[in-house]
Amino acid sequence: MKYIDEFRDGRLAQGIAAAIAREARPERQYAFMEFCGGHTHAISRYGVTDLLPPTLRMVHGPGCPVCVLPIGRIDMAIELALKHRAIVCSYGDCLRVPASDGLSLMKARSRGGDIRMVYSAADALKAAQDNPTRQVVFFAIGFETTTPPTAVVVKQAAALGLNNFSVLCCHVLTPPAMHHILATRQPSDIAIDGFIGPAHVSTVIGSRPYEVFATDYRKPVVIAGFEPLDVMQAIHMLLLQVNEGRAEIENEFTRAVTREGNVKAQALVAEVLELREEFEWRGLGVMKKSALALRREYAEFDAEMRFDLAYRVVPDNKACECGAILRGVKRPQDCSIFGSVCTPENPMGSCMVSSEGACAAHYTYGRYKE
Amino acid sequence: MTKIRDGYVRPLDLKNGRVDLTHGSGGRAMAQLIDDLFARHFDNEFLRQGNDGAVLPARPEGNAPGVPTFSGRLVMATDAHVVSPLFFPGGDIGCLSVHGTINDVAVMGARPLWLAASFILEEGFPLAELDRIVASMARASREAGVPVVTGDTKVVEAGKADGVFITTTGVGVLPEDLSLSGAGARPGDVVLLSGSIGDHGMAIMATRENLGFAAPIVSDTAALHDLIAVMLATAAEIRCLRDPTRGGLATTLNEIARQSGVGVVLDEAAIPVNPAVAAACEFLGLDPLYVANEGKLVAIVAAADADVVLAAMRAHPLGARAAKVGEVVADDHHFVQMSTSLGGRRIVDWLTGDQLPRIC
């Protein structure tokens, strides 16, 4: 496939692997966090860690939209489908995430909930137009990548005067999560030497929002694409920075990311969405100004308002280590229920659900190494 | 079956007519649907008997000119087809229901002889579409030389089905000395694949999701019995044949690995994937290894015979892009693994539920 295979070329990979091996100093350990689930998936799917020296460890970050969604939020979507009999349109990833009472969106469907998988926010809007007598709710999740399309459909719904469409807005933001990870690190936790910055998120927000991590925390960030060679190139760039004592924001993904990002998309998001005072993340807890809600001007399209939904905190399963895994403090195989009680068929925690989740990626692609 | 006097009966309206509940009630309307639509397309000596079942020769050798003589054990397979959309680039539910069952019989090493077809029709389904579907089935069955010898029709109320469901059952004959089984793979064996993967599943998906590609993705639906006959004629040590339909190549190999108690190591770079399929998979966040095929087969072959079988496959139109894609290894975990084109290694695991697209 043109323009993709070039970023998966085995010969080039061997070249970068050799450069990484030369640069990694044998006397020390390195740990880099790939923030994004997209990177986690690429690393696992292409076996990138097989090409890295044993002194270099990749730590999985919390950048998996499904993984950081707390149970209480899924419960709200289920309530919309089962109690309010609304058509709930969701991205496919969300359907299997375990919720309260042994339910998930998928199981709610078999109990008669009209829950539909969509590929885009636009599909949800279309469902509202096609079903004028039903209430249709778009379960909007994801980081900054998926916020502009949500903003677009809300504007369109307003322009069309649709009174049967609303959004359950659960959009979260990348920089606050990175802050949280660095600010809450304990001396006993594995030290993170640098970050691979998100690919798609950065196309929207640009590289500027990461600059604070270099200045305030002295951590290098290299923004990288989601292809395996992108990841390897970024690892090499991080190694150079660490070895040279630099902490800078570098951009490996120049084919798509600029310092300013997509200004038009940012303006659209700012017009429709605003910062929530606080939002609970799975694993990372309640974080201030870390998520988005609909602005007051668009309140009629806010499902939380329209259906008078209340968020209820639901604790995770006690044995589940998703929280520590999402903070990069533990690895999937450190969890006592990984692969025994918790499997992709019967996930206990959210990291085992999405293919971008650290546990699912390790279970699906990497467990033969144990 | 009553022969209706044409003069008294309004002919079946194949242009604007629709299936209604009387078409399944056992009365004249049903007899007319069978005569004017099913029997017309499928016409053959067995169906013409017009009985509740078809009477078939116990030893079909030399039964018709051109049919090779053989004896052996019977192989029987059945397959229900519920595809949506009913029509897709490269085929429709009709030819698919013929190919699917012929392939299930053929991968056992058997020569498919006869098919039975059972239809569940939804009230309101356009007769014109049913006519197209049955015509396509009949064409596929004629081309394969495997007649539909008996059948059944039921009609359910509107909303209780999705247009039309077709179940086909196939019967074939397996020579006494041949035994293919998913439990037959041994370490050292070679994994052969007859061509590109993912075409059928992505053709369906692209139609369903309205993905407009400059060149549409075309389903690979095809009857594989002729290709299989050519492979078996090499007299090579073929341990197992499978058609990787639902769940794709990955699922088929996991099944074989578990049944045989072995591992498999695939070579990613050797697996043919059409560029449009790869692009569509990329776009929807799917892995072609798990996408359905309807005209491909996997063969586990003794290493010494692999080249002979591969050459025979490549000489056949349905195996032109056949390739050696992996090997069987000893592995107590029965893992299917893959050497990635990047130079790493990973598991190719069982699928969890359906493949769900990733969102970002």
# chains A, B, ... in the order shown; residues from 1 in each chain; ligands from 1
>>> interface_residues(of="chain A", to="chain B", cutoff="8 Å", atoms="only C-alpha atoms", output="PyMOL selection string")
chain A and resi 1+8-11+13-14+38+44-51+91-93+119+142+145-146+200+228+344-345+354-356+364-368
>>> write_last_selection(atoms="C-alpha atoms", output="PDB file, in the first residue's frame")
ATOM      1  CA  MET A   1       0.000   0.000   0.000  1.00  0.00           C
ATOM      2  CA  ARG A   8       6.568  -0.514   7.950  1.00  0.00           C
ATOM      3  CA  ASP A   9       9.661  -1.435   5.984  1.00  0.00           C
ATOM      4  CA  GLY A  10      11.682  -4.170   7.645  1.00  0.00           C
ATOM      5  CA  ARG A  11      15.024  -3.087   6.249  1.00  0.00           C
ATOM      6  CA  ALA A  13      13.553  -0.874  10.825  1.00  0.00           C
ATOM      7  CA  GLN A  14      16.769  -2.860  11.149  1.00  0.00           C
ATOM      8  CA  GLY A  38      -2.389   3.973  19.087  1.00  0.00           C
ATOM      9  CA  SER A  44       2.592  -4.702  20.024  1.00  0.00           C
ATOM     10  CA  ARG A  45       1.227  -5.471  16.599  1.00  0.00           C
ATOM     11  CA  TYR A  46       4.543  -5.054  14.805  1.00  0.00           C
ATOM     12  CA  GLY A  47       6.690  -6.498  17.561  1.00  0.00           C
ATOM     13  CA  VAL A  48       8.703  -3.291  17.955  1.00  0.00           C
ATOM     14  CA  THR A  49      10.028  -4.248  21.407  1.00  0.00           C
ATOM     15  CA  ASP A  50      11.854  -7.200  19.790  1.00  0.00           C
ATOM     16  CA  LEU A  51      13.976  -4.605  18.004  1.00  0.00           C
ATOM     17  CA  TYR A  91     -18.045   3.912  18.745  1.00  0.00           C
ATOM     18  CA  GLY A  92     -17.475   0.155  18.526  1.00  0.00           C
ATOM     19  CA  ASP A  93     -14.698   0.129  21.123  1.00  0.00           C
ATOM     20  CA  TYR A 119     -18.002   4.983  12.733  1.00  0.00           C
ATOM     21  CA  GLY A 142     -12.172  10.245  22.979  1.00  0.00           C
ATOM     22  CA  THR A 145      -8.872  13.827  17.935  1.00  0.00           C
ATOM     23  CA  THR A 146     -12.581  13.081  18.164  1.00  0.00           C
ATOM     24  CA  HIS A 200      -3.617  12.201  15.879  1.00  0.00           C
ATOM     25  CA  PRO A 228       6.072   1.380  13.591  1.00  0.00           C
ATOM     26  CA  PRO A 344     -10.404 -10.236  26.365  1.00  0.00           C
ATOM     27  CA  GLU A 345     -13.417 -12.600  26.405  1.00  0.00           C
ATOM     28  CA  SER A 354      -9.951  -1.922  23.614  1.00  0.00           C
ATOM     29  CA  SER A 355      -7.217  -3.183  21.307  1.00  0.00           C
ATOM     30  CA  GLU A 356      -5.395  -0.005  22.327  1.00  0.00           C
ATOM     31  CA  THR A 364      -3.247 -10.479  22.232  1.00  0.00           C
ATOM     32  CA  TYR A 365       0.211  -9.908  20.832  1.00  0.00           C
ATOM     33  CA  GLY A 366       2.861 -10.415  23.447  1.00  0.00           C
ATOM     34  CA  ARG A 367       1.997 -13.085  26.001  1.00  0.00           C
ATOM     35  CA  TYR A 368       4.086 -15.769  24.274  1.00  0.00           C
TER      36      TYR A 368
END
>>> select_by_dssp(residues="stretch 277-369 of chain A", states="strand (DSSP E or B)", output="PyMOL selection string")
chain A and resi 278-281+285-288+291-294+302+338+342
>>> select_by_dssp(residues="stretch 131-352 of chain B", states="alpha helix (DSSP H)", output="VMD selection string")
chain B and resid 131 to 144 199 to 208 225 to 232 248 to 260 275 to 284 306 to 314
>>> residues_around(residues="A:Val172", least_positions_apart="5", cutoff="7 Å", atoms="only C-alpha atoms", output="PyMOL selection string")
chain A and resi 142-143+290-292
>>> closest_residue(among="A:Ala247, A:Val88, A:Cys335, A:Ala108", to="A:Lys219", atoms="only C-alpha atoms")
A:Ala247
>>> atom_distance(atom1="atom CA of A:Arg208", atom2="atom CA of A:Asp189")
27.8 Å
>>> residues_around(residues="B:Asn44", least_positions_apart="2", cutoff="8 Å", atoms="only C-alpha atoms", output="PDB file with N, CA and C atoms, in the first residue's frame")
ATOM      1  N   PHE B  42     -33.574 -24.064 -11.134  1.00  0.00           N
ATOM      2  CA  PHE B  42     -32.721 -25.174 -10.689  1.00  0.00           C
ATOM      3  C   PHE B  42     -32.893 -26.432 -11.536  1.00  0.00           C
ATOM      4  N   PHE B  46     -33.442 -34.737 -10.707  1.00  0.00           N
ATOM      5  CA  PHE B  46     -33.832 -35.107  -9.336  1.00  0.00           C
ATOM      6  C   PHE B  46     -34.957 -34.220  -8.827  1.00  0.00           C
ATOM      7  N   LEU B  47     -34.840 -32.929  -9.095  1.00  0.00           N
ATOM      8  CA  LEU B  47     -35.847 -31.975  -8.652  1.00  0.00           C
ATOM      9  C   LEU B  47     -37.169 -32.256  -9.366  1.00  0.00           C
ATOM     10  N   ARG B  48     -37.044 -32.663 -10.622  1.00  0.00           N
ATOM     11  CA  ARG B  48     -38.232 -32.939 -11.442  1.00  0.00           C
ATOM     12  C   ARG B  48     -39.064 -34.089 -10.869  1.00  0.00           C
ATOM     13  N   PRO B 147     -25.766 -30.112  -8.678  1.00  0.00           N
ATOM     14  CA  PRO B 147     -27.155 -29.664  -8.753  1.00  0.00           C
ATOM     15  C   PRO B 147     -27.838 -29.557  -7.389  1.00  0.00           C
ATOM     16  N   VAL B 148     -28.812 -28.647  -7.315  1.00  0.00           N
ATOM     17  CA  VAL B 148     -29.679 -28.541  -6.132  1.00  0.00           C
ATOM     18  C   VAL B 148     -30.801 -29.543  -6.351  1.00  0.00           C
ATOM     19  N   VAL B 149     -30.834 -30.621  -5.550  1.00  0.00           N
ATOM     20  CA  VAL B 149     -31.742 -31.722  -5.843  1.00  0.00           C
ATOM     21  C   VAL B 149     -33.012 -31.715  -4.994  1.00  0.00           C
TER      22      VAL B 149
END
>>> residues_around(residues="B:Glu129", least_positions_apart="5", cutoff="10 Å", atoms="only C-alpha atoms", output="MDAnalysis selection string")
chainID B and resid 14:18 86:87 134:135 163:164
>>> residues_around(residues="stretch 228-244 of chain B", least_positions_apart="4", cutoff="9 Å", atoms="only C-alpha atoms", output="JSON, numbers by chain")
{"B": [100, 103, 104, 106, 107, 108, 109, 110, 111, 179, 180, 181, 182, 183, 184, 185, 186, 189, 197, 224, 248, 249, 250, 251, 252, 253, 256, 291, 292, 293, 294, 295, 296, 297, 298, 299, 300, 301, 302, 303, 304, 305, 306, 308, 309, 310, 312, 313, 316]}
>>> atom_distance(atom1="atom CA of A:Arg276", atom2="atom CA of A:Lys289")
5.5 Å
>>> residues_around(residues="stretch 325-333 of chain A", least_positions_apart="4", cutoff="10 Å", atoms="only C-alpha atoms", output="PDB file with N, CA, C and O atoms, in the first residue's frame")
ATOM      1  N   PHE A  32      10.665   4.988  28.482  1.00  0.00           N
ATOM      2  CA  PHE A  32       9.896   6.011  27.771  1.00  0.00           C
ATOM      3  C   PHE A  32       8.430   5.621  27.807  1.00  0.00           C
ATOM      4  O   PHE A  32       8.097   4.451  27.634  1.00  0.00           O
ATOM      5  N   MET A  33       7.575   6.625  28.011  1.00  0.00           N
ATOM      6  CA  MET A  33       6.141   6.333  27.975  1.00  0.00           C
ATOM      7  C   MET A  33       5.570   6.721  26.625  1.00  0.00           C
ATOM      8  O   MET A  33       5.744   7.853  26.177  1.00  0.00           O
ATOM      9  N   GLU A  34       4.891   5.748  25.986  1.00  0.00           N
ATOM     10  CA  GLU A  34       4.087   6.135  24.832  1.00  0.00           C
ATOM     11  C   GLU A  34       2.727   6.467  25.391  1.00  0.00           C
ATOM     12  O   GLU A  34       2.073   5.625  25.995  1.00  0.00           O
ATOM     13  N   PHE A  35       2.324   7.731  25.263  1.00  0.00           N
ATOM     14  CA  PHE A  35       1.087   8.182  25.895  1.00  0.00           C
ATOM     15  C   PHE A  35      -0.129   7.491  25.291  1.00  0.00           C
ATOM     16  O   PHE A  35      -1.054   7.095  25.962  1.00  0.00           O
ATOM     17  N   MET A  58       9.568   0.295  27.246  1.00  0.00           N
ATOM     18  CA  MET A  58       8.459   1.165  26.880  1.00  0.00           C
ATOM     19  C   MET A  58       7.368   1.004  27.934  1.00  0.00           C
ATOM     20  O   MET A  58       6.970  -0.100  28.277  1.00  0.00           O
ATOM     21  N   VAL A  59       6.893   2.129  28.465  1.00  0.00           N
ATOM     22  CA  VAL A  59       5.836   2.127  29.472  1.00  0.00           C
ATOM     23  C   VAL A  59       4.555   2.615  28.788  1.00  0.00           C
ATOM     24  O   VAL A  59       4.558   3.657  28.145  1.00  0.00           O
ATOM     25  N   HIS A  60       3.499   1.841  28.935  1.00  0.00           N
ATOM     26  CA  HIS A  60       2.246   2.228  28.285  1.00  0.00           C
ATOM     27  C   HIS A  60       1.550   3.335  29.059  1.00  0.00           C
ATOM     28  O   HIS A  60       1.455   3.282  30.276  1.00  0.00           O
ATOM     29  N   GLY A  61       1.032   4.303  28.330  1.00  0.00           N
ATOM     30  CA  GLY A  61       0.353   5.438  28.968  1.00  0.00           C
ATOM     31  C   GLY A  61      -1.157   5.293  28.957  1.00  0.00           C
ATOM     32  O   GLY A  61      -1.686   4.276  28.541  1.00  0.00           O
ATOM     33  N   PRO A  62      -1.843   6.354  29.403  1.00  0.00           N
ATOM     34  CA  PRO A  62      -3.302   6.284  29.549  1.00  0.00           C
ATOM     35  C   PRO A  62      -4.077   6.725  28.304  1.00  0.00           C
ATOM     36  O   PRO A  62      -5.278   6.924  28.371  1.00  0.00           O
ATOM     37  N   GLY A  63      -3.393   6.860  27.169  1.00  0.00           N
ATOM     38  CA  GLY A  63      -4.052   7.455  26.007  1.00  0.00           C
ATOM     39  C   GLY A  63      -4.954   6.527  25.234  1.00  0.00           C
ATOM     40  O   GLY A  63      -4.895   6.472  24.011  1.00  0.00           O
ATOM     41  N   CYS A  64      -5.774   5.772  25.935  1.00  0.00           N
ATOM     42  CA  CYS A  64      -6.743   4.897  25.290  1.00  0.00           C
ATOM     43  C   CYS A  64      -8.106   5.378  25.745  1.00  0.00           C
ATOM     44  O   CYS A  64      -8.447   5.260  26.913  1.00  0.00           O
ATOM     45  N   CYS A  67     -10.239   3.129  27.775  1.00  0.00           N
ATOM     46  CA  CYS A  67      -9.669   2.685  29.052  1.00  0.00           C
ATOM     47  C   CYS A  67      -9.878   3.689  30.173  1.00  0.00           C
ATOM     48  O   CYS A  67     -10.009   3.303  31.329  1.00  0.00           O
ATOM     49  N   VAL A  68      -9.871   4.971  29.854  1.00  0.00           N
ATOM     50  CA  VAL A  68      -9.943   5.982  30.915  1.00  0.00           C
ATOM     51  C   VAL A  68     -11.380   6.369  31.248  1.00  0.00           C
ATOM     52  O   VAL A  68     -11.632   7.209  32.104  1.00  0.00           O
ATOM     53  N   ALA A 177      -3.661  14.898  31.602  1.00  0.00           N
ATOM     54  CA  ALA A 177      -3.304  13.528  31.995  1.00  0.00           C
ATOM     55  C   ALA A 177      -1.785  13.386  32.094  1.00  0.00           C
ATOM     56  O   ALA A 177      -1.263  12.708  32.987  1.00  0.00           O
ATOM     57  N   MET A 178      -1.050  14.016  31.201  1.00  0.00           N
ATOM     58  CA  MET A 178       0.412  13.948  31.274  1.00  0.00           C
ATOM     59  C   MET A 178       0.919  14.652  32.530  1.00  0.00           C
ATOM     60  O   MET A 178       1.820  14.167  33.218  1.00  0.00           O
ATOM     61  N   HIS A 180      -0.700  14.958  35.288  1.00  0.00           N
ATOM     62  CA  HIS A 180      -1.057  14.107  36.408  1.00  0.00           C
ATOM     63  C   HIS A 180      -0.028  12.991  36.599  1.00  0.00           C
ATOM     64  O   HIS A 180       0.410  12.712  37.715  1.00  0.00           O
ATOM     65  N   ILE A 181       0.347  12.380  35.504  1.00  0.00           N
ATOM     66  CA  ILE A 181       1.297  11.263  35.581  1.00  0.00           C
ATOM     67  C   ILE A 181       2.636  11.725  36.161  1.00  0.00           C
ATOM     68  O   ILE A 181       3.220  11.065  37.022  1.00  0.00           O
ATOM     69  N   LEU A 182       3.089  12.897  35.726  1.00  0.00           N
ATOM     70  CA  LEU A 182       4.382  13.377  36.211  1.00  0.00           C
ATOM     71  C   LEU A 182       4.273  13.904  37.640  1.00  0.00           C
ATOM     72  O   LEU A 182       5.158  13.677  38.479  1.00  0.00           O
ATOM     73  N   THR A 184       2.196  13.075  40.040  1.00  0.00           N
ATOM     74  CA  THR A 184       1.864  12.129  41.113  1.00  0.00           C
ATOM     75  C   THR A 184       2.868  10.991  41.228  1.00  0.00           C
ATOM     76  O   THR A 184       2.666  10.052  41.986  1.00  0.00           O
ATOM     77  N   ARG A 185       3.958  11.061  40.488  1.00  0.00           N
ATOM     78  CA  ARG A 185       4.912   9.961  40.508  1.00  0.00           C
ATOM     79  C   ARG A 185       5.609   9.836  41.844  1.00  0.00           C
ATOM     80  O   ARG A 185       6.085  10.810  42.399  1.00  0.00           O
ATOM     81  N   GLN A 186       5.678   8.626  42.372  1.00  0.00           N
ATOM     82  CA  GLN A 186       6.363   8.366  43.646  1.00  0.00           C
ATOM     83  C   GLN A 186       7.798   7.925  43.344  1.00  0.00           C
ATOM     84  O   GLN A 186       8.074   7.410  42.254  1.00  0.00           O
ATOM     85  N   SER A 188       9.237   5.415  44.299  1.00  0.00           N
ATOM     86  CA  SER A 188       9.346   3.979  44.059  1.00  0.00           C
ATOM     87  C   SER A 188       8.868   3.591  42.652  1.00  0.00           C
ATOM     88  O   SER A 188       9.128   2.486  42.183  1.00  0.00           O
ATOM     89  N   ASP A 189       8.148   4.512  42.010  1.00  0.00           N
ATOM     90  CA  ASP A 189       7.662   4.202  40.657  1.00  0.00           C
ATOM     91  C   ASP A 189       8.806   4.283  39.658  1.00  0.00           C
ATOM     92  O   ASP A 189       9.775   5.008  39.862  1.00  0.00           O
ATOM     93  N   ILE A 190       8.656   3.531  38.582  1.00  0.00           N
ATOM     94  CA  ILE A 190       9.684   3.593  37.550  1.00  0.00           C
ATOM     95  C   ILE A 190       9.731   5.013  36.974  1.00  0.00           C
ATOM     96  O   ILE A 190       8.704   5.622  36.686  1.00  0.00           O
ATOM     97  N   ALA A 191      10.957   5.578  36.899  1.00  0.00           N
ATOM     98  CA  ALA A 191      11.117   6.944  36.416  1.00  0.00           C
ATOM     99  C   ALA A 191      10.934   6.976  34.904  1.00  0.00           C
ATOM    100  O   ALA A 191      11.444   6.112  34.199  1.00  0.00           O
ATOM    101  N   ILE A 192      10.191   7.952  34.417  1.00  0.00           N
ATOM    102  CA  ILE A 192       9.982   8.079  32.980  1.00  0.00           C
ATOM    103  C   ILE A 192      10.960   9.120  32.439  1.00  0.00           C
ATOM    104  O   ILE A 192      11.020  10.255  32.915  1.00  0.00           O
ATOM    105  N   ARG A 282     -10.914   7.007  34.761  1.00  0.00           N
ATOM    106  CA  ARG A 282     -10.608   5.702  35.319  1.00  0.00           C
ATOM    107  C   ARG A 282      -9.103   5.635  35.556  1.00  0.00           C
ATOM    108  O   ARG A 282      -8.319   6.047  34.720  1.00  0.00           O
ATOM    109  N   GLY A 283      -8.719   5.165  36.706  1.00  0.00           N
ATOM    110  CA  GLY A 283      -7.288   4.997  36.987  1.00  0.00           C
ATOM    111  C   GLY A 283      -6.614   6.249  37.474  1.00  0.00           C
ATOM    112  O   GLY A 283      -5.807   6.215  38.387  1.00  0.00           O
ATOM    113  N   LEU A 284      -6.918   7.391  36.882  1.00  0.00           N
ATOM    114  CA  LEU A 284      -6.231   8.620  37.261  1.00  0.00           C
ATOM    115  C   LEU A 284      -7.041   9.438  38.260  1.00  0.00           C
ATOM    116  O   LEU A 284      -6.547  10.415  38.807  1.00  0.00           O
ATOM    117  N   CYS A 320      -8.449  -5.402  40.190  1.00  0.00           N
ATOM    118  CA  CYS A 320      -8.055  -4.857  38.886  1.00  0.00           C
ATOM    119  C   CYS A 320      -6.982  -3.781  39.060  1.00  0.00           C
ATOM    120  O   CYS A 320      -7.125  -2.870  39.872  1.00  0.00           O
ATOM    121  N   GLU A 321      -5.919  -3.887  38.296  1.00  0.00           N
ATOM    122  CA  GLU A 321      -4.798  -2.946  38.395  1.00  0.00           C
ATOM    123  C   GLU A 321      -4.828  -1.897  37.290  1.00  0.00           C
ATOM    124  O   GLU A 321      -3.830  -1.240  37.020  1.00  0.00           O
ATOM    125  N   ILE A 337      -4.827 -10.734  38.225  1.00  0.00           N
ATOM    126  CA  ILE A 337      -5.920 -11.385  37.488  1.00  0.00           C
ATOM    127  C   ILE A 337      -5.691 -11.352  35.973  1.00  0.00           C
ATOM    128  O   ILE A 337      -6.506 -11.860  35.213  1.00  0.00           O
ATOM    129  N   PHE A 338      -4.542 -10.781  35.530  1.00  0.00           N
ATOM    130  CA  PHE A 338      -4.264 -10.712  34.093  1.00  0.00           C
ATOM    131  C   PHE A 338      -4.184 -12.111  33.489  1.00  0.00           C
ATOM    132  O   PHE A 338      -3.450 -12.974  33.966  1.00  0.00           O
ATOM    133  N   GLY A 339      -4.968 -12.335  32.464  1.00  0.00           N
ATOM    134  CA  GLY A 339      -4.862 -13.590  31.718  1.00  0.00           C
ATOM    135  C   GLY A 339      -5.503 -14.780  32.410  1.00  0.00           C
ATOM    136  O   GLY A 339      -5.614 -15.840  31.815  1.00  0.00           O
ATOM    137  N   SER A 350     -10.978  -2.041  32.078  1.00  0.00           N
ATOM    138  CA  SER A 350     -11.114  -1.446  30.751  1.00  0.00           C
ATOM    139  C   SER A 350      -9.871  -1.660  29.884  1.00  0.00           C
ATOM    140  O   SER A 350      -9.955  -1.668  28.668  1.00  0.00           O
ATOM    141  N   CYS A 351      -8.695  -1.830  30.503  1.00  0.00           N
ATOM    142  CA  CYS A 351      -7.470  -1.982  29.702  1.00  0.00           C
ATOM    143  C   CYS A 351      -7.467  -3.281  28.907  1.00  0.00           C
ATOM    144  O   CYS A 351      -6.654  -3.471  28.013  1.00  0.00           O
ATOM    145  N   MET A 352      -8.382  -4.194  29.282  1.00  0.00           N
ATOM    146  CA  MET A 352      -8.436  -5.474  28.597  1.00  0.00           C
ATOM    147  C   MET A 352      -9.434  -5.426  27.443  1.00  0.00           C
ATOM    148  O   MET A 352      -9.586  -6.384  26.705  1.00  0.00           O
ATOM    149  N   GLY A 357      -5.814  -0.845  24.561  1.00  0.00           N
ATOM    150  CA  GLY A 357      -5.536  -0.973  25.978  1.00  0.00           C
ATOM    151  C   GLY A 357      -4.268  -1.791  26.201  1.00  0.00           C
ATOM    152  O   GLY A 357      -3.992  -2.737  25.480  1.00  0.00           O
ATOM    153  N   ALA A 358      -3.506  -1.419  27.232  1.00  0.00           N
ATOM    154  CA  ALA A 358      -2.221  -2.078  27.469  1.00  0.00           C
ATOM    155  C   ALA A 358      -2.394  -3.573  27.717  1.00  0.00           C
ATOM    156  O   ALA A 358      -1.619  -4.394  27.215  1.00  0.00           O
ATOM    157  N   CYS A 359      -3.416  -3.956  28.480  1.00  0.00           N
ATOM    158  CA  CYS A 359      -3.588  -5.372  28.811  1.00  0.00           C
ATOM    159  C   CYS A 359      -4.011  -6.172  27.583  1.00  0.00           C
ATOM    160  O   CYS A 359      -3.489  -7.257  27.320  1.00  0.00           O
ATOM    161  N   ALA A 360      -4.975  -5.629  26.823  1.00  0.00           N
ATOM    162  CA  ALA A 360      -5.431  -6.347  25.631  1.00  0.00           C
ATOM    163  C   ALA A 360      -4.277  -6.490  24.643  1.00  0.00           C
ATOM    164  O   ALA A 360      -4.093  -7.544  24.020  1.00  0.00           O
ATOM    165  N   ALA A 361      -3.491  -5.445  24.482  1.00  0.00           N
ATOM    166  CA  ALA A 361      -2.378  -5.496  23.528  1.00  0.00           C
ATOM    167  C   ALA A 361      -1.361  -6.550  23.964  1.00  0.00           C
ATOM    168  O   ALA A 361      -0.879  -7.340  23.150  1.00  0.00           O
ATOM    169  N   HIS A 362      -1.064  -6.576  25.266  1.00  0.00           N
ATOM    170  CA  HIS A 362      -0.079  -7.545  25.734  1.00  0.00           C
ATOM    171  C   HIS A 362      -0.637  -8.965  25.640  1.00  0.00           C
ATOM    172  O   HIS A 362       0.054  -9.899  25.238  1.00  0.00           O
ATOM    173  N   TYR A 363      -1.919  -9.116  26.002  1.00  0.00           N
ATOM    174  CA  TYR A 363      -2.529 -10.446  25.941  1.00  0.00           C
ATOM    175  C   TYR A 363      -2.572 -10.945  24.500  1.00  0.00           C
ATOM    176  O   TYR A 363      -2.211 -12.083  24.201  1.00  0.00           O
ATOM    177  N   ARG A 367       1.893 -12.239  24.830  1.00  0.00           N
ATOM    178  CA  ARG A 367       1.997 -13.085  26.001  1.00  0.00           C
ATOM    179  C   ARG A 367       2.870 -14.316  25.774  1.00  0.00           C
ATOM    180  O   ARG A 367       3.249 -14.990  26.719  1.00  0.00           O
ATOM    181  N   GLU A 370       6.137 -14.733  27.853  1.00  0.00           N
ATOM    182  CA  GLU A 370       6.242 -15.065  29.274  1.00  0.00           C
ATOM    183  C   GLU A 370       6.465 -16.543  29.477  1.00  0.00           C
ATOM    184  O   GLU A 370       6.017 -17.343  28.706  1.00  0.00           O
TER     185      GLU A 370
END
>>> closest_residue(among="B:Leu193, B:Met30, B:Val218, B:Leu56", to="B:Gly90", atoms="only C-alpha atoms")
B:Val218
